[in-house]
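Below is coords.txt, which holds compact mmCIF, N, CA and C atoms.
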# COMPACT_ATOMS: atom_id res chain seq x y z
N MET U 1 0.97 -9.28 7.19
CA MET U 1 1.37 -8.82 8.51
C MET U 1 2.88 -9.03 8.67
N THR U 2 3.51 -8.08 9.29
CA THR U 2 4.96 -8.15 9.43
C THR U 2 5.35 -9.03 10.61
N ASP U 3 6.64 -9.32 10.65
CA ASP U 3 7.17 -10.14 11.74
C ASP U 3 7.02 -9.41 13.08
N GLU U 4 7.22 -8.11 13.06
CA GLU U 4 7.08 -7.31 14.29
C GLU U 4 5.64 -7.35 14.81
N GLY U 5 4.68 -7.25 13.92
CA GLY U 5 3.28 -7.31 14.32
C GLY U 5 2.90 -8.65 14.92
N LEU U 6 3.40 -9.71 14.32
CA LEU U 6 3.11 -11.05 14.86
C LEU U 6 3.74 -11.25 16.23
N ARG U 7 4.93 -10.69 16.43
CA ARG U 7 5.56 -10.78 17.75
C ARG U 7 4.77 -10.02 18.81
N LEU U 8 4.24 -8.86 18.44
CA LEU U 8 3.44 -8.09 19.39
C LEU U 8 2.16 -8.84 19.77
N ILE U 9 1.52 -9.46 18.78
CA ILE U 9 0.30 -10.22 19.07
C ILE U 9 0.62 -11.43 19.94
N ALA U 10 1.73 -12.12 19.63
CA ALA U 10 2.11 -13.30 20.43
C ALA U 10 2.44 -12.90 21.86
N ALA U 11 3.13 -11.78 22.06
CA ALA U 11 3.46 -11.32 23.40
C ALA U 11 2.20 -10.95 24.18
N ALA U 12 1.27 -10.29 23.50
CA ALA U 12 0.02 -9.91 24.16
C ALA U 12 -0.80 -11.14 24.55
N LEU U 13 -0.84 -12.13 23.68
CA LEU U 13 -1.56 -13.36 23.99
C LEU U 13 -0.90 -14.13 25.14
N ALA U 14 0.43 -14.13 25.17
CA ALA U 14 1.14 -14.83 26.24
C ALA U 14 0.81 -14.22 27.60
N VAL U 15 0.81 -12.91 27.68
CA VAL U 15 0.49 -12.27 28.96
C VAL U 15 -1.00 -12.40 29.28
N GLY U 16 -1.83 -12.18 28.28
CA GLY U 16 -3.28 -12.22 28.51
C GLY U 16 -3.76 -13.58 28.94
N LEU U 17 -3.36 -14.61 28.21
CA LEU U 17 -3.78 -15.97 28.58
C LEU U 17 -3.08 -16.45 29.85
N GLY U 18 -1.86 -15.95 30.07
CA GLY U 18 -1.14 -16.32 31.28
C GLY U 18 -1.69 -15.68 32.52
N ALA U 19 -2.52 -14.65 32.38
CA ALA U 19 -3.11 -13.97 33.53
C ALA U 19 -4.47 -14.53 33.91
N ILE U 20 -5.09 -15.28 33.03
CA ILE U 20 -6.43 -15.81 33.32
C ILE U 20 -6.39 -16.83 34.45
N GLY U 21 -5.50 -17.80 34.35
CA GLY U 21 -5.41 -18.85 35.37
C GLY U 21 -5.07 -18.32 36.75
N PRO U 22 -4.00 -17.53 36.88
CA PRO U 22 -3.69 -16.98 38.20
C PRO U 22 -4.79 -16.08 38.76
N GLY U 23 -5.46 -15.34 37.88
CA GLY U 23 -6.56 -14.48 38.36
C GLY U 23 -7.69 -15.29 38.96
N LEU U 24 -8.07 -16.35 38.27
CA LEU U 24 -9.10 -17.23 38.81
C LEU U 24 -8.62 -17.95 40.07
N GLY U 25 -7.37 -18.39 40.05
CA GLY U 25 -6.81 -19.09 41.21
C GLY U 25 -6.76 -18.22 42.45
N LEU U 26 -6.40 -16.96 42.29
CA LEU U 26 -6.35 -16.06 43.45
C LEU U 26 -7.74 -15.82 44.01
N GLY U 27 -8.73 -15.70 43.13
CA GLY U 27 -10.09 -15.54 43.62
C GLY U 27 -10.56 -16.74 44.43
N VAL U 28 -10.23 -17.93 43.96
CA VAL U 28 -10.61 -19.15 44.67
C VAL U 28 -9.87 -19.24 46.01
N ILE U 29 -8.57 -18.93 45.99
CA ILE U 29 -7.77 -19.03 47.22
C ILE U 29 -8.32 -18.10 48.30
N PHE U 30 -8.50 -16.83 47.97
CA PHE U 30 -8.93 -15.87 48.98
C PHE U 30 -10.39 -16.09 49.39
N GLY U 31 -11.22 -16.47 48.44
CA GLY U 31 -12.62 -16.74 48.79
C GLY U 31 -12.75 -17.91 49.75
N ASN U 32 -12.04 -18.99 49.46
CA ASN U 32 -12.10 -20.16 50.34
C ASN U 32 -11.43 -19.90 51.68
N ALA U 33 -10.37 -19.09 51.68
CA ALA U 33 -9.71 -18.76 52.95
C ALA U 33 -10.64 -17.95 53.84
N LEU U 34 -11.35 -16.99 53.28
CA LEU U 34 -12.28 -16.20 54.09
C LEU U 34 -13.43 -17.06 54.61
N THR U 35 -13.90 -17.99 53.79
CA THR U 35 -14.95 -18.90 54.24
C THR U 35 -14.45 -19.78 55.38
N ALA U 36 -13.23 -20.29 55.23
CA ALA U 36 -12.67 -21.16 56.27
C ALA U 36 -12.44 -20.40 57.57
N ILE U 37 -11.97 -19.17 57.49
CA ILE U 37 -11.75 -18.37 58.70
C ILE U 37 -13.08 -18.04 59.36
N GLY U 38 -14.09 -17.78 58.54
CA GLY U 38 -15.41 -17.51 59.10
C GLY U 38 -16.00 -18.71 59.83
N ARG U 39 -15.71 -19.90 59.34
CA ARG U 39 -16.25 -21.11 59.97
C ARG U 39 -15.43 -21.55 61.18
N ASN U 40 -14.12 -21.29 61.15
CA ASN U 40 -13.25 -21.73 62.23
C ASN U 40 -12.24 -20.64 62.55
N PRO U 41 -12.63 -19.64 63.33
CA PRO U 41 -11.73 -18.52 63.61
C PRO U 41 -10.47 -18.89 64.38
N GLU U 42 -10.50 -20.00 65.11
CA GLU U 42 -9.32 -20.40 65.88
C GLU U 42 -8.17 -20.84 64.98
N ALA U 43 -8.47 -21.28 63.78
CA ALA U 43 -7.45 -21.76 62.85
C ALA U 43 -6.98 -20.67 61.90
N GLU U 44 -7.20 -19.42 62.27
CA GLU U 44 -6.88 -18.32 61.35
C GLU U 44 -5.39 -18.26 61.01
N ALA U 45 -4.52 -18.49 61.98
CA ALA U 45 -3.08 -18.39 61.71
C ALA U 45 -2.63 -19.44 60.69
N THR U 46 -3.09 -20.65 60.85
CA THR U 46 -2.73 -21.72 59.92
C THR U 46 -3.30 -21.46 58.53
N ILE U 47 -4.53 -21.02 58.49
CA ILE U 47 -5.17 -20.74 57.20
C ILE U 47 -4.47 -19.59 56.49
N ARG U 48 -4.09 -18.57 57.25
CA ARG U 48 -3.42 -17.42 56.65
C ARG U 48 -2.07 -17.79 56.05
N VAL U 49 -1.31 -18.63 56.76
CA VAL U 49 -0.01 -19.06 56.23
C VAL U 49 -0.20 -19.84 54.93
N ASN U 50 -1.14 -20.76 54.91
CA ASN U 50 -1.39 -21.54 53.70
C ASN U 50 -1.94 -20.66 52.57
N MET U 51 -2.73 -19.65 52.93
CA MET U 51 -3.28 -18.75 51.93
C MET U 51 -2.16 -17.96 51.25
N PHE U 52 -1.23 -17.44 52.02
CA PHE U 52 -0.14 -16.66 51.42
C PHE U 52 0.82 -17.55 50.63
N LEU U 53 1.01 -18.78 51.05
CA LEU U 53 1.82 -19.70 50.28
C LEU U 53 1.17 -19.99 48.93
N GLY U 54 -0.12 -20.23 48.94
CA GLY U 54 -0.85 -20.44 47.69
C GLY U 54 -0.84 -19.20 46.81
N PHE U 55 -0.92 -18.03 47.43
CA PHE U 55 -0.86 -16.77 46.68
C PHE U 55 0.47 -16.64 45.96
N ALA U 56 1.57 -16.92 46.66
CA ALA U 56 2.90 -16.78 46.07
C ALA U 56 3.10 -17.77 44.92
N LEU U 57 2.66 -19.00 45.10
CA LEU U 57 2.83 -19.99 44.04
C LEU U 57 1.96 -19.67 42.83
N THR U 58 0.76 -19.18 43.07
CA THR U 58 -0.13 -18.82 41.97
C THR U 58 0.39 -17.61 41.22
N GLU U 59 0.91 -16.65 41.93
CA GLU U 59 1.43 -15.43 41.29
C GLU U 59 2.68 -15.74 40.49
N SER U 60 3.46 -16.73 40.90
CA SER U 60 4.67 -17.08 40.14
C SER U 60 4.31 -17.59 38.75
N THR U 61 3.14 -18.19 38.60
CA THR U 61 2.70 -18.65 37.28
C THR U 61 2.56 -17.47 36.32
N PHE U 62 2.00 -16.39 36.81
CA PHE U 62 1.88 -15.20 35.95
C PHE U 62 3.25 -14.60 35.64
N ILE U 63 4.15 -14.64 36.58
CA ILE U 63 5.49 -14.08 36.34
C ILE U 63 6.20 -14.89 35.25
N PHE U 64 6.01 -16.21 35.24
CA PHE U 64 6.57 -17.02 34.16
C PHE U 64 5.98 -16.63 32.82
N ALA U 65 4.67 -16.39 32.76
CA ALA U 65 4.04 -15.96 31.52
C ALA U 65 4.58 -14.60 31.08
N LEU U 66 4.83 -13.72 32.02
CA LEU U 66 5.39 -12.41 31.69
C LEU U 66 6.80 -12.54 31.12
N VAL U 67 7.60 -13.41 31.69
CA VAL U 67 8.96 -13.63 31.18
C VAL U 67 8.92 -14.19 29.77
N VAL U 68 8.04 -15.15 29.52
CA VAL U 68 7.91 -15.71 28.17
C VAL U 68 7.48 -14.62 27.20
N SER U 69 6.57 -13.76 27.61
CA SER U 69 6.12 -12.67 26.75
C SER U 69 7.28 -11.71 26.42
N LEU U 70 8.08 -11.39 27.41
CA LEU U 70 9.21 -10.51 27.15
C LEU U 70 10.24 -11.16 26.24
N LEU U 71 10.43 -12.48 26.40
CA LEU U 71 11.36 -13.17 25.50
C LEU U 71 10.86 -13.14 24.06
N ILE U 72 9.55 -13.31 23.88
CA ILE U 72 8.98 -13.23 22.54
C ILE U 72 9.08 -11.81 22.00
N LEU U 73 8.79 -10.84 22.83
CA LEU U 73 8.76 -9.45 22.39
C LEU U 73 10.13 -8.95 21.95
N PHE U 74 11.17 -9.31 22.69
CA PHE U 74 12.50 -8.82 22.36
C PHE U 74 13.30 -9.80 21.51
N ASN U 75 12.60 -10.74 20.87
CA ASN U 75 13.17 -11.63 19.87
C ASN U 75 14.32 -12.46 20.41
N VAL U 76 14.21 -12.94 21.63
CA VAL U 76 15.23 -13.78 22.22
C VAL U 76 14.99 -15.23 21.82
N VAL U 77 13.73 -15.60 21.68
CA VAL U 77 13.38 -16.98 21.34
C VAL U 77 13.52 -17.19 19.86
Rewrite the coordinates I just gave you, this time as structure tokens.
Amino acid sequence: MTDEGLRLIAAALAVGLGAIGPGLGLGVIFGNALTAIGRNPEAEATIRVNMFLGFALTESTFIFALVVSLLILFNVV
């Protein structure tokens, strides 16, 4: 296998494995937020703010994985 092929596989694995955690995390965040709002509708504003904060932090994990993948792909590392 050539060096180019190994870089493509490494980049694909970096993005693929880097997307698993945030995908699961987002499902947990939104599922629990909807459950909490259903149980206590008066606290919806507070729950929504915390939900979006958790969404942003979880999504940043995937963006880091994407950056690492691009660094591997374009032979920067």
### Message
Between atom C of Gly21 (chain U) and atom C of Arg39 (chain U), what is the distance in Å, rounded to a tenth?
### Response
26.7 Å
### Task
Find the spatial neighbours of Leu70 (chain U), counting only C-alpha atoms, within a cut-off of 10 Å - ignore same-chain residues fewer than 3 positions away - and output them as JSON, numbers by chain.
{"U": [8, 11, 12, 14, 15, 64, 65, 66, 67, 73, 74, 75, 76, 77]}
### Message
as a PyMOL selection string, please: the residues near Ala33 (chain U) (cut-off 12 Å, only C-alpha atoms, same-chain neighbours under 5 positions excluded).
### Response
chain U and resi 26-28+38-41+43-55
## Note on the structure
What separates atom N of Gly18 (chain U) and atom C of Thr61 (chain U) is a distance of 7.8 Å
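When atom N of Ile9 (chain U) is paired with atom C of Ile72 (chain U), their separation reads 8.5 Å.
Nearest to Gly25 (chain U) of all the residues U:Glu59, U:Leu71, U:Asp3, U:Glu42 is U:Glu59, counting only N, CA and C atoms.
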